[in-house]
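K.L.:
Structure file my_file-v5.tsv, TSV, C-alpha atoms, is pasted below:
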```tsv
chain	number	residue	atom	x	y	z
A	1	MET	CA	23.55	29.45	17.54
A	2	ASN	CA	26.12	30.84	19.98
A	3	GLU	CA	28.46	28.76	22.11
A	4	GLU	CA	26.22	28.93	25.13
A	5	GLN	CA	23.25	27.64	23.14
A	6	VAL	CA	25.36	24.84	21.66
A	7	ALA	CA	26.55	23.84	25.12
A	8	ARG	CA	22.99	23.92	26.46
A	9	GLY	CA	21.82	21.82	23.52
A	10	GLN	CA	24.55	19.25	24.12
A	11	GLU	CA	23.71	19.09	27.80
A	12	GLN	CA	20.05	18.59	26.99
A	13	GLY	CA	21.01	15.99	24.39
A	14	ALA	CA	22.96	14.07	27.02
A	15	ARG	CA	19.92	14.14	29.30
A	16	LEU	CA	17.65	13.01	26.48
A	17	GLU	CA	19.86	9.99	25.82
A	18	GLU	CA	18.84	8.68	29.20
A	19	SER	CA	15.12	8.77	28.49
A	20	ALA	CA	13.37	5.48	27.75
A	21	THR	CA	11.93	6.57	24.40
A	22	VAL	CA	15.27	7.85	23.13
A	23	ARG	CA	16.87	4.57	24.16
A	24	SER	CA	14.09	2.73	22.25
A	25	TRP	CA	14.81	4.91	19.25
A	26	VAL	CA	18.54	4.22	19.32
A	27	ASP	CA	17.93	0.51	19.88
A	28	GLY	CA	15.42	0.49	17.01
A	29	LEU	CA	17.86	2.13	14.63
A	30	ARG	CA	20.59	-0.27	15.68
A	31	GLU	CA	18.32	-3.27	15.19
A	32	GLN	CA	17.02	-2.03	11.83
A	33	TRP	CA	20.31	-1.00	10.28
A	34	GLY	CA	22.77	-3.22	12.11
A	35	GLU	CA	24.60	-0.34	13.78
A	36	GLU	CA	23.96	2.94	15.49
A	37	PRO	CA	24.03	5.85	13.02
A	38	ALA	CA	27.33	7.71	13.15
A	39	ASP	CA	25.52	11.03	13.57
A	40	MET	CA	23.34	9.89	16.48
A	41	SER	CA	24.39	12.77	18.72
A	42	ALA	CA	23.37	15.28	16.06
A	43	ARG	CA	20.03	13.48	15.70
A	44	ILE	CA	19.43	13.67	19.42
A	45	GLU	CA	20.21	17.36	19.31
A	46	THR	CA	17.64	17.80	16.55
A	47	LEU	CA	15.11	15.97	18.70
A	48	ALA	CA	16.01	18.26	21.59
A	49	GLN	CA	15.29	21.25	19.35
A	50	PHE	CA	11.88	19.81	18.54
A	51	CYS	CA	11.22	19.15	22.20
A	52	ARG	CA	11.88	22.80	22.93
A	53	LEU	CA	9.40	23.80	20.23
A	54	VAL	CA	6.60	21.63	21.63
A	55	GLU	CA	7.70	22.15	25.24
A	56	ARG	CA	7.64	18.46	26.03
A	57	ASP	CA	10.29	15.85	26.70
A	58	PRO	CA	10.53	12.77	24.43
A	59	ASP	CA	8.83	10.41	26.89
A	60	ALA	CA	5.93	12.84	27.28
A	61	ILE	CA	5.51	13.12	23.49
A	62	ILE	CA	5.22	9.37	23.06
A	63	ALA	CA	3.03	8.99	26.15
A	64	GLU	CA	0.63	11.56	24.76
A	65	CYS	CA	0.34	9.66	21.47
A	66	VAL	CA	-0.55	6.35	23.09
A	67	ARG	CA	-3.30	5.18	25.36
A	68	GLU	CA	-3.52	1.89	27.19
A	69	VAL	CA	-6.65	-0.13	26.61
A	70	GLU	CA	-7.68	-3.62	27.49
A	71	GLY	CA	-5.63	-5.87	25.29
A	72	GLY	CA	-2.86	-3.43	24.43
A	73	LYS	CA	-2.00	0.03	23.22
A	74	ARG	CA	-3.83	2.35	20.86
A	75	ILE	CA	-2.46	5.33	19.03
A	76	ARG	CA	-4.31	8.57	19.73
A	77	ILE	CA	-5.23	9.78	16.25
A	78	LYS	CA	-5.58	13.45	17.20
A	79	LYS	CA	-2.26	13.54	19.00
A	80	ARG	CA	-0.52	11.75	16.15
A	81	ARG	CA	-1.93	14.34	13.78
A	82	PHE	CA	-0.92	17.14	16.14
A	83	TYR	CA	2.69	16.01	16.23
A	84	SER	CA	2.71	15.42	12.49
A	85	GLU	CA	1.68	19.04	12.05
A	86	MET	CA	4.21	20.18	14.64
A	87	ILE	CA	6.95	18.41	12.71
A	88	ASP	CA	5.89	20.32	9.58
A	89	GLU	CA	5.99	23.51	11.63
A	90	PHE	CA	9.39	22.56	13.02
A	91	GLU	CA	10.74	22.03	9.50
A	92	ALA	CA	9.41	25.39	8.37
A	93	SER	CA	11.08	27.12	11.31
A	94	LEU	CA	14.55	25.88	10.35
A	95	ASP	CA	17.13	27.49	8.12
A	96	GLY	CA	18.12	25.89	4.84
A	97	ASP	CA	16.38	24.57	1.76
A	98	ALA	CA	13.34	22.27	1.77
A	99	ARG	CA	15.50	19.18	1.63
A	100	THR	CA	17.56	20.22	4.63
A	101	GLN	CA	14.45	21.14	6.57
A	102	ALA	CA	12.81	17.81	5.70
A	103	ARG	CA	15.91	15.97	6.83
A	104	SER	CA	15.52	17.44	10.32
A	105	GLY	CA	11.80	16.67	10.30
A	106	ASN	CA	12.61	13.11	9.34
A	107	VAL	CA	14.85	12.78	12.39
A	108	VAL	CA	11.84	13.50	14.59
A	109	ARG	CA	9.64	11.21	12.50
A	110	SER	CA	12.24	8.48	12.95
A	111	PHE	CA	12.04	8.98	16.71
A	112	MET	CA	8.25	8.55	16.55
A	113	ILE	CA	8.42	5.59	14.16
A	114	HIS	CA	10.86	3.62	16.31
A	115	ASN	CA	8.60	4.22	19.29
A	116	GLY	CA	5.70	2.64	17.39
A	117	ILE	CA	3.95	5.83	16.30
A	118	PHE	CA	3.12	5.69	12.61
A	119	MET	CA	4.45	8.85	11.02
A	120	GLN	CA	4.98	9.52	7.33
A	121	GLY	CA	6.33	12.69	5.84
A	122	GLY	CA	5.89	14.17	2.41
A	123	VAL	CA	8.34	13.76	-0.41
A	124	SER	CA	10.72	16.62	-0.91
A	125	GLY	CA	13.64	17.67	-2.99
B	1	MET	CA	7.95	-11.03	-20.56
B	2	GLU	CA	6.81	-14.61	-20.09
B	3	PHE	CA	3.82	-15.12	-17.78
B	4	LYS	CA	5.75	-17.01	-15.12
B	5	GLU	CA	8.42	-14.34	-15.00
B	6	VAL	CA	5.79	-11.62	-14.60
B	7	VAL	CA	4.36	-13.51	-11.61
B	8	GLY	CA	7.87	-13.94	-10.25
B	9	ARG	CA	8.74	-10.25	-10.56
B	10	ARG	CA	5.57	-8.91	-9.00
B	11	ARG	CA	6.16	-7.29	-5.63
B	12	SER	CA	4.32	-4.62	-3.69
B	13	ILE	CA	6.49	-1.75	-4.84
B	14	ARG	CA	6.51	1.13	-2.37
B	15	PHE	CA	9.37	3.26	-3.67
B	16	PHE	CA	8.48	4.96	-6.95
B	17	GLU	CA	10.30	7.49	-9.10
B	18	PRO	CA	8.06	10.38	-8.13
B	19	ASP	CA	8.80	12.53	-11.16
B	20	LYS	CA	8.89	9.92	-13.89
B	21	PRO	CA	5.54	9.97	-15.67
B	22	VAL	CA	3.77	6.79	-16.70
B	23	GLU	CA	2.77	6.56	-20.34
B	24	ARG	CA	-1.00	6.72	-20.85
B	25	GLU	CA	-0.76	3.70	-23.14
B	26	LYS	CA	0.56	1.60	-20.27
B	27	ILE	CA	-2.32	2.62	-18.06
B	28	GLN	CA	-4.71	1.56	-20.79
B	29	VAL	CA	-2.95	-1.81	-21.01
B	30	ILE	CA	-3.48	-2.25	-17.26
B	31	LEU	CA	-7.20	-1.49	-17.60
B	32	GLU	CA	-7.59	-3.66	-20.71
B	33	THR	CA	-6.06	-6.56	-18.78
B	34	ALA	CA	-8.43	-6.05	-15.86
B	35	ARG	CA	-11.37	-6.12	-18.27
B	36	LEU	CA	-10.38	-9.57	-19.53
B	37	ALA	CA	-10.40	-11.18	-16.08
B	38	SER	CA	-12.64	-14.13	-15.36
B	39	CYS	CA	-16.01	-12.91	-14.14
B	40	ALA	CA	-19.03	-14.73	-12.77
B	41	VAL	CA	-22.16	-14.35	-14.91
B	42	ASN	CA	-20.16	-11.88	-17.02
B	43	ALA	CA	-21.40	-9.10	-14.77
B	44	HIS	CA	-18.14	-7.10	-14.41
B	45	TRP	CA	-18.37	-5.39	-11.07
B	46	LEU	CA	-15.00	-3.68	-11.16
B	47	ARG	CA	-14.85	0.05	-11.84
B	48	ALA	CA	-11.67	2.10	-11.89
B	49	ILE	CA	-10.93	5.79	-11.69
B	50	VAL	CA	-7.46	6.72	-12.86
B	51	VAL	CA	-5.90	9.74	-11.22
B	52	GLU	CA	-2.67	11.45	-12.14
B	53	ARG	CA	-1.21	12.57	-8.82
B	54	ASP	CA	-0.07	15.93	-10.14
B	55	LYS	CA	-3.43	16.74	-11.72
B	56	ILE	CA	-5.62	16.11	-8.70
B	57	PRO	CA	-6.14	19.20	-6.50
B	58	ALA	CA	-3.88	19.11	-3.43
B	59	GLU	CA	-6.79	19.24	-0.99
B	60	LYS	CA	-8.37	16.19	-2.62
B	61	LEU	CA	-5.07	14.32	-2.63
B	62	ASN	CA	-4.64	15.08	1.06
B	63	GLN	CA	-8.15	13.83	1.77
B	64	LEU	CA	-7.29	10.54	0.08
B	65	LYS	CA	-4.18	9.95	2.18
B	66	THR	CA	-4.38	7.48	5.01
B	67	PRO	CA	-1.69	7.34	7.69
B	68	VAL	CA	-0.33	4.14	6.19
B	69	ALA	CA	-0.46	5.13	2.52
B	70	ALA	CA	0.40	8.84	2.61
B	71	MET	CA	3.98	8.34	1.53
B	72	THR	CA	3.26	5.94	-1.33
B	73	LEU	CA	0.51	8.23	-2.61
B	74	ASP	CA	3.05	11.02	-2.74
B	75	LEU	CA	5.61	8.87	-4.50
B	76	ALA	CA	3.41	7.18	-7.11
B	77	PRO	CA	2.56	9.35	-10.13
B	78	VAL	CA	-0.59	7.39	-10.99
B	79	HIS	CA	-3.32	6.15	-8.66
B	80	ILE	CA	-6.05	3.81	-9.83
B	81	TYR	CA	-9.03	3.71	-7.50
B	82	PHE	CA	-10.97	0.47	-7.74
B	83	PHE	CA	-14.64	0.19	-6.86
B	84	CYS	CA	-17.19	-2.59	-6.89
B	85	ASP	CA	-20.43	-1.59	-8.62
B	86	LEU	CA	-23.07	-3.53	-6.73
B	87	GLY	CA	-25.78	-2.01	-8.90
B	88	ILE	CA	-24.68	-3.79	-12.05
B	89	VAL	CA	-26.59	-7.06	-11.64
B	90	LYS	CA	-29.96	-5.38	-11.38
B	91	LYS	CA	-29.02	-3.00	-14.15
B	92	ILE	CA	-28.12	-5.61	-16.76
B	93	GLN	CA	-30.63	-8.25	-15.59
B	94	GLY	CA	-28.73	-11.20	-16.98
B	95	SER	CA	-28.21	-9.65	-20.42
B	96	ARG	CA	-24.44	-10.23	-20.37
B	97	LEU	CA	-24.95	-13.81	-19.33
B	98	ARG	CA	-27.30	-14.15	-22.29
B	99	GLU	CA	-24.49	-12.82	-24.49
B	100	LEU	CA	-22.36	-15.74	-23.38
B	101	VAL	CA	-25.07	-18.08	-24.64
B	102	ASP	CA	-25.28	-16.11	-27.90
B	103	VAL	CA	-21.57	-16.40	-28.61
B	104	GLY	CA	-21.38	-20.07	-27.67
B	105	ALA	CA	-19.35	-19.67	-24.51
B	106	LEU	CA	-22.26	-21.26	-22.67
B	107	ALA	CA	-23.88	-24.03	-24.66
B	108	PRO	CA	-26.76	-26.49	-24.43
B	109	THR	CA	-24.13	-29.20	-23.93
B	110	HIS	CA	-23.87	-27.80	-20.43
B	111	SER	CA	-27.62	-27.12	-20.10
B	112	TRP	CA	-27.42	-23.44	-20.95
B	113	SER	CA	-30.14	-21.76	-23.03
B	114	GLN	CA	-31.63	-18.28	-23.42
B	115	LYS	CA	-34.78	-19.48	-21.72
B	116	PHE	CA	-32.83	-20.83	-18.78
B	117	VAL	CA	-31.11	-17.46	-18.27
B	118	ASP	CA	-34.27	-15.39	-18.70
B	119	GLU	CA	-36.67	-17.53	-16.69
B	120	PHE	CA	-34.44	-19.09	-14.11
B	121	VAL	CA	-30.95	-17.71	-13.61
B	122	TYR	CA	-31.71	-14.02	-13.34
B	123	PRO	CA	-35.08	-14.01	-11.54
B	124	GLN	CA	-34.42	-16.99	-9.27
B	125	ILE	CA	-30.69	-16.73	-8.55
B	126	LEU	CA	-29.07	-13.44	-9.48
B	127	GLU	CA	-31.77	-11.01	-8.47
B	128	PRO	CA	-32.39	-12.68	-5.06
B	129	MET	CA	-28.60	-12.86	-4.56
B	130	THR	CA	-28.39	-9.08	-4.63
B	131	ASN	CA	-30.76	-8.93	-1.66
B	132	ASN	CA	-28.41	-10.99	0.51
B	133	LEU	CA	-25.68	-8.39	0.89
B	134	GLN	CA	-23.17	-10.61	2.68
B	135	GLY	CA	-23.23	-13.32	0.04
B	136	TYR	CA	-23.49	-10.85	-2.81
B	137	LEU	CA	-20.51	-8.82	-1.60
B	138	ALA	CA	-18.37	-11.92	-1.26
B	139	ALA	CA	-19.14	-12.98	-4.84
B	140	ALA	CA	-18.71	-9.54	-6.34
B	141	MET	CA	-15.52	-8.76	-4.42
B	142	ALA	CA	-13.93	-12.05	-5.41
B	143	ASP	CA	-14.34	-11.12	-9.05
B	144	CYS	CA	-13.03	-7.62	-8.43
B	145	GLY	CA	-9.99	-9.14	-6.74
B	146	GLY	CA	-9.28	-11.28	-9.78
B	147	ALA	CA	-9.54	-8.29	-12.09
B	148	ALA	CA	-7.29	-6.20	-9.85
B	149	GLN	CA	-4.73	-8.99	-9.81
B	150	ASN	CA	-4.77	-9.02	-13.62
B	151	ALA	CA	-4.17	-5.27	-13.51
B	152	LEU	CA	-1.26	-5.69	-11.12
B	153	LEU	CA	0.42	-8.28	-13.30
B	154	ALA	CA	-0.07	-6.11	-16.39
B	155	ALA	CA	1.71	-3.24	-14.65
B	156	PHE	CA	4.76	-5.40	-14.03
B	157	ASP	CA	4.65	-6.79	-17.55
B	158	GLU	CA	4.83	-3.18	-18.75
B	159	GLY	CA	7.99	-2.61	-16.72
B	160	LEU	CA	6.20	-0.62	-14.04
B	161	GLY	CA	5.89	-1.14	-10.31
B	162	ALA	CA	2.61	-1.19	-8.42
B	163	CYS	CA	1.02	-2.01	-5.13
B	164	LEU	CA	-2.49	-2.18	-3.73
B	165	ASN	CA	-3.46	-0.05	-0.76
B	166	THR	CA	-6.74	0.30	1.08
B	167	PRO	CA	-8.04	3.85	1.02
B	168	ASN	CA	-10.58	5.31	3.42
B	169	PRO	CA	-13.79	4.10	1.74
B	170	MET	CA	-16.02	6.96	2.88
B	171	LEU	CA	-13.58	9.66	1.85
B	172	THR	CA	-12.82	7.99	-1.45
B	173	LYS	CA	-16.51	7.87	-2.35
B	174	GLN	CA	-16.89	11.48	-1.30
B	175	VAL	CA	-13.88	12.74	-3.25
B	176	PHE	CA	-14.94	11.05	-6.45
B	177	GLY	CA	-18.68	11.45	-6.00
B	178	VAL	CA	-19.40	7.90	-7.09
B	179	PRO	CA	-22.88	6.35	-6.89
B	180	GLU	CA	-24.06	4.96	-3.58
B	181	GLU	CA	-23.93	1.38	-4.86
B	182	TRP	CA	-20.20	1.59	-5.64
B	183	VAL	CA	-18.11	0.09	-2.86
B	184	SER	CA	-14.63	1.51	-2.51
B	185	LEU	CA	-12.04	-1.29	-2.67
B	186	TRP	CA	-8.38	-0.50	-3.27
B	187	VAL	CA	-6.12	2.06	-4.76
B	188	MET	CA	-3.46	0.65	-7.04
B	189	LEU	CA	-0.41	2.89	-6.98
B	190	VAL	CA	1.55	2.81	-10.20
B	191	GLY	CA	4.85	4.21	-11.33
B	192	TYR	CA	8.37	3.36	-12.32
B	193	PRO	CA	10.08	1.64	-9.40
B	194	ALA	CA	12.82	3.56	-7.65
B	195	GLU	CA	13.89	0.31	-6.04
B	196	SER	CA	15.47	-2.61	-7.84
B	197	TRP	CA	13.08	-5.11	-9.42
B	198	GLU	CA	13.82	-7.57	-6.63
B	199	ALA	CA	12.71	-4.99	-4.05
B	200	GLY	CA	14.30	-6.97	-1.27
B	201	GLY	CA	13.47	-10.39	-2.67
B	202	GLN	CA	10.39	-12.56	-3.03
B	203	ARG	CA	8.30	-12.12	0.08
B	204	PRO	CA	8.02	-14.84	2.70
B	205	ARG	CA	5.01	-17.07	2.17
B	206	PRO	CA	3.47	-19.70	4.43
B	207	PRO	CA	4.58	-23.25	3.63
B	208	PHE	CA	2.81	-24.65	0.54
B	209	GLU	CA	1.42	-27.61	2.47
B	210	GLU	CA	-0.21	-25.34	5.03
B	211	LEU	CA	-2.29	-23.71	2.33
B	212	TYR	CA	-3.28	-26.40	-0.15
B	213	PHE	CA	-4.80	-29.83	0.28
B	214	GLU	CA	-5.68	-32.87	-1.68
B	215	GLY	CA	-9.01	-34.66	-1.40
B	216	ASP	CA	-9.74	-33.41	2.09
B	217	MET	CA	-8.53	-30.67	4.37
B	218	ASN	CA	-6.25	-32.95	6.34
B	219	THR	CA	-4.11	-34.10	3.45
B	220	PRO	CA	-1.60	-31.49	2.32
B	221	PHE	CA	-1.05	-31.26	-1.42
B	222	LYS	CA	2.38	-32.79	-1.83
B	223	ARG	CA	4.87	-30.33	-3.23
B	224	ASP	CA	7.07	-31.82	-5.93
B	225	GLU	CA	10.53	-30.30	-5.68
B	226	SER	CA	11.24	-30.91	-9.36
B	227	VAL	CA	8.33	-28.58	-10.19
B	228	VAL	CA	9.78	-26.01	-7.82
B	229	GLU	CA	13.09	-26.26	-9.65
B	230	LYS	CA	11.36	-25.75	-13.00
B	231	LEU	CA	9.63	-22.66	-11.63
B	232	LYS	CA	12.96	-21.33	-10.45
B	233	ALA	CA	14.36	-21.91	-13.94
B	234	SER	CA	11.43	-20.05	-15.48
B	235	LYS	CA	11.94	-17.15	-13.01
B	236	MET	CA	8.62	-17.51	-11.25
B	237	ILE	CA	10.23	-18.49	-7.98
B	238	THR	CA	12.99	-16.00	-7.42
B	239	ARG	CA	15.55	-15.11	-4.78
B	240	PRO	CA	13.72	-15.05	-1.44
B	241	ALA	CA	13.79	-12.17	1.01
B	242	PRO	CA	15.81	-11.18	2.90
B	243	ILE	CA	18.60	-10.42	0.48
B	244	PRO	CA	21.83	-9.00	1.88
B	245	GLU	CA	21.85	-5.75	-0.09
B	246	ARG	CA	18.33	-4.68	0.91
B	247	LYS	CA	19.23	-2.54	3.92
B	248	GLN	CA	21.77	-0.63	1.90
B	249	GLU	CA	19.19	-0.14	-0.84
B	250	ILE	CA	16.65	1.27	1.62
B	251	LEU	CA	19.26	3.58	3.09
B	252	GLN	CA	20.13	4.88	-0.37
B	253	LEU	CA	16.45	5.34	-1.27
B	254	ALA	CA	15.80	7.14	1.99
B	255	GLU	CA	18.74	9.43	1.31
B	256	ARG	CA	17.74	10.12	-2.30
B	257	LEU	CA	14.03	10.62	-1.62
B	258	ASN	CA	14.60	12.28	1.75
B	259	LEU	CA	12.59	9.82	3.82
B	260	PRO	CA	12.82	8.99	7.52
B	261	MET	CA	14.86	5.99	8.57
```
Please render this file's structure as C-alpha cells.
P.N.:
Amino acid sequence: MNEEQVARGQEQGARLEESATVRSWVDGLREQWGEEPADMSARIETLAQFCRLVERDPDAIIAECVREVEGGKRIRIKKRRFYSEMIDEFEASLDGDARTQARSGNVVRSFMIHNGIFMQGGVSG
Amino acid sequence: MEFKEVVGRRRSIRFFEPDKPVEREKIQVILETARLASCAVNAHWLRAIVVERDKIPAEKLNQLKTPVAAMTLDLAPVHIYFFCDLGIVKKIQGSRLRELVDVGALAPTHSWSQKFVDEFVYPQILEPMTNNLQGYLAAAMADCGGAAQNALLAAFDEGLGACLNTPNPMLTKQVFGVPEEWVSLWVMLVGYPAESWEAGGQRPRPPFEELYFEGDMNTPFKRDESVVEKLKASKMITRPAPIPERKQEILQLAERLNLPM
C-alpha cells in the first residue's frame, strides 16, 4: 500500500467511525471486554478494506442482513450467508499466512457479531 | 471422580483442543454409560452415531453445521449424533419388558407377570401409545434425554469436555441415511477442553424454590443451607459464574484458536 492509499484508508476509517453500526461495534467491544481494544483504528481500517471489497458501507451491510417484522427483527439467512462467504473471499485476497488472513476476517466477523448478526468462522492455524 | 464432583464439574464446554484426539476407549465408556440409563419399559429408544470430525468428508461436515454450532463442530474432534428410534416399541413388542420379569426386576409382588405383559401391557398400552405421536414422543424423548445426560456426565468423568447442540434434523437424517422412524435429537460434541475446567464458573440457575415444590405447586421446597454447604464441600456446587478471570481466558482462547472477539 502506498502513502496515498494509506491516507485514503485512514480518512475512510475516520468516516466509518461515525457510522451507527461501527459505534455499536466499538460499544459492544467495550462492554464485552471492559475497554476499547488498543488496535481499534487498525480494526476499523480492516473493516474499511472489506467495505471496499463488497462496495457497501457498514450501515448498509448490517441493514441488508436484517429485516423488520412485526414483533422485532429477523436475520436474512441468504444475506448472512452471502457476507460469510464474502469474508472468506476477503481473507483469501489478503497477503500473509492462513492465520493472518483469518485474523482480518475475524475483525469483520466481530463487526457483524456486535451488530447482532450471528457469524462464526472456521478454525485456523 | 466422585459422582457429586462429576456433576459439579459438568459445563457446556465450547472451546476444545481441536487437534487432541479422544481415545476410542473413552468414547465407548460414554456409550456404555448411556446404555445403563433408566428406561421406561426397557425399550431403549436412544441411538448414537459416533463421528470423528477428521474422518467425515468435508462436504458432509459442512452440511451438518448450523449457524450456531459451526464453530464448536470445527473445534470438537468427536461428534456423537443422538437419535430417538420410534420404531423400537413395535419392533420388540414388549419382549424387553418381559425380560425384566424374567430376571426379577419386575415381580409379582408389584403385580407383574409374563401374562400381564403379553396380554395387557403391550397390546393395550404400549402399542396404542405409539399411535398417539405427541404422547409417544414425549415419553421416548424423556428417556433419550436421561441417557444423553448419563453420556455427558461420563465424558466429564473421563476428563473430557462436552456439550449438547441441536443439529438440523432433516440434514442430519439425510447425511447419515437413518431410517424414517429415527428422530434426530442432539449432537454431543466431545473433546479435551481448551478452557479451564471451571469454564467461567457454574452457570446461573433459577432460584431453587422457583423450580421445586412440596406437596402442592404453591409451596416451595425449602432449601436447607446446611445441605448446600455439604454439596459445596463435596464439589458439586462450585464457584458460580461470573469469575473474574473469565474474560482474560476467552481473550487468550480467541488469540490461540484465532477466533473473533
K.L.:
Residues within 7 Å of range 159-166 of chain B, please, as a list in words. Count all atoms listed in the file; anything in the same chain fewer than 6 positions from it doesn't count.
P.N.:
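After dropping sequence-adjacent residues, the list is Ser12, Ile13, Arg14, Ala69, Leu152, Leu185, Trp186, Val187, Met188, Leu189, Val190, Gly191, Tyr192 and Pro193 of chain B.
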K.L.:
Excluding range 101-107 of chain A and any residue of its chain fewer than 2 positions from it, enumerate the residues within 8 Å of it, using all atoms listed in the file, and give them as a PyMOL selection string.
P.N.:
(chain A and resi 43+46-47+87-88+90-92+94-99+109-111+121+124) or (chain B and resi 258-261)
K.L.:
Return the neighbours of chain A among the residues of chain B, cut-off 12 Å, counting only C-alpha atoms, as a CSV table (one decimal) with C-alpha atoms, in the frame of the given file.
P.N.:
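In the end it all went to iface.csv:
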```csv
chain,number,residue,atom,x,y,z
B,15,PHE,CA,9.4,3.3,-3.7
B,16,PHE,CA,8.5,5.0,-7.0
B,17,GLU,CA,10.3,7.5,-9.1
B,18,PRO,CA,8.1,10.4,-8.1
B,19,ASP,CA,8.8,12.5,-11.2
B,62,ASN,CA,-4.6,15.1,1.1
B,65,LYS,CA,-4.2,10.0,2.2
B,66,THR,CA,-4.4,7.5,5.0
B,67,PRO,CA,-1.7,7.3,7.7
B,68,VAL,CA,-0.3,4.1,6.2
B,69,ALA,CA,-0.5,5.1,2.5
B,70,ALA,CA,0.4,8.8,2.6
B,71,MET,CA,4.0,8.3,1.5
B,72,THR,CA,3.3,5.9,-1.3
B,73,LEU,CA,0.5,8.2,-2.6
B,74,ASP,CA,3.0,11.0,-2.7
B,75,LEU,CA,5.6,8.9,-4.5
B,76,ALA,CA,3.4,7.2,-7.1
B,244,PRO,CA,21.8,-9.0,1.9
B,245,GLU,CA,21.8,-5.8,-0.1
B,246,ARG,CA,18.3,-4.7,0.9
B,247,LYS,CA,19.2,-2.5,3.9
B,248,GLN,CA,21.8,-0.6,1.9
B,249,GLU,CA,19.2,-0.1,-0.8
B,250,ILE,CA,16.6,1.3,1.6
B,251,LEU,CA,19.3,3.6,3.1
B,253,LEU,CA,16.4,5.3,-1.3
B,254,ALA,CA,15.8,7.1,2.0
B,255,GLU,CA,18.7,9.4,1.3
B,256,ARG,CA,17.7,10.1,-2.3
B,257,LEU,CA,14.0,10.6,-1.6
B,258,ASN,CA,14.6,12.3,1.8
B,259,LEU,CA,12.6,9.8,3.8
B,260,PRO,CA,12.8,9.0,7.5
B,261,MET,CA,14.9,6.0,8.6
```
K.L.:
Skipping near chain neighbours, those fewer than 5 positions away, what residues fall within 9 Å of range 106-117 of chain B using all atoms listed in the file, listed as a PyMOL selection string?
P.N.:
chain B and resi 94-95+97-101+122-123
K.L.:
List the neighbours of Pro58 in chain A out to 12 Å using all atoms listed in the file; skip same-chain residues closer than 6 positions along the sequence, and give me the result as a PDB file with C-alpha atoms, in the frame of the given file.
P.N.:
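Heads up, here's the output in selection-v2.pdb:
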```pdb
ATOM      1  CA  GLN A  12      20.050  18.590  26.990  1.00  0.00           C
ATOM      2  CA  GLY A  13      21.010  15.990  24.390  1.00  0.00           C
ATOM      3  CA  ARG A  15      19.920  14.140  29.300  1.00  0.00           C
ATOM      4  CA  LEU A  16      17.650  13.010  26.480  1.00  0.00           C
ATOM      5  CA  GLU A  17      19.860   9.990  25.820  1.00  0.00           C
ATOM      6  CA  GLU A  18      18.840   8.680  29.200  1.00  0.00           C
ATOM      7  CA  SER A  19      15.120   8.770  28.490  1.00  0.00           C
ATOM      8  CA  ALA A  20      13.370   5.480  27.750  1.00  0.00           C
ATOM      9  CA  THR A  21      11.930   6.570  24.400  1.00  0.00           C
ATOM     10  CA  VAL A  22      15.270   7.850  23.130  1.00  0.00           C
ATOM     11  CA  ARG A  23      16.870   4.570  24.160  1.00  0.00           C
ATOM     12  CA  SER A  24      14.090   2.730  22.250  1.00  0.00           C
ATOM     13  CA  TRP A  25      14.810   4.910  19.250  1.00  0.00           C
ATOM     14  CA  ILE A  44      19.430  13.670  19.420  1.00  0.00           C
ATOM     15  CA  GLU A  45      20.210  17.360  19.310  1.00  0.00           C
ATOM     16  CA  THR A  46      17.640  17.800  16.550  1.00  0.00           C
ATOM     17  CA  LEU A  47      15.110  15.970  18.700  1.00  0.00           C
ATOM     18  CA  ALA A  48      16.010  18.260  21.590  1.00  0.00           C
ATOM     19  CA  GLN A  49      15.290  21.250  19.350  1.00  0.00           C
ATOM     20  CA  PHE A  50      11.880  19.810  18.540  1.00  0.00           C
ATOM     21  CA  CYS A  51      11.220  19.150  22.200  1.00  0.00           C
ATOM     22  CA  ARG A  52      11.880  22.800  22.930  1.00  0.00           C
ATOM     23  CA  GLU A  64       0.630  11.560  24.760  1.00  0.00           C
ATOM     24  CA  CYS A  65       0.340   9.660  21.470  1.00  0.00           C
ATOM     25  CA  TYR A  83       2.690  16.010  16.230  1.00  0.00           C
ATOM     26  CA  VAL A 108      11.840  13.500  14.590  1.00  0.00           C
ATOM     27  CA  PHE A 111      12.040   8.980  16.710  1.00  0.00           C
ATOM     28  CA  MET A 112       8.250   8.550  16.550  1.00  0.00           C
ATOM     29  CA  ASN A 115       8.600   4.220  19.290  1.00  0.00           C
TER      30      ASN A 115
END
```
K.L.:
Which is closest to Arg10 in chain B among B:Glu32, B:Glu59, B:Glu158, B:Glu23, if we use all atoms listed in the file?
P.N.:
B:Glu158
K.L.:
What is the distance, in Å and to one decimal place, between CA of Ala48 in chain B and CA of Leu31 in chain B?
P.N.:
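Those two atoms sit 8.1 Å apart.
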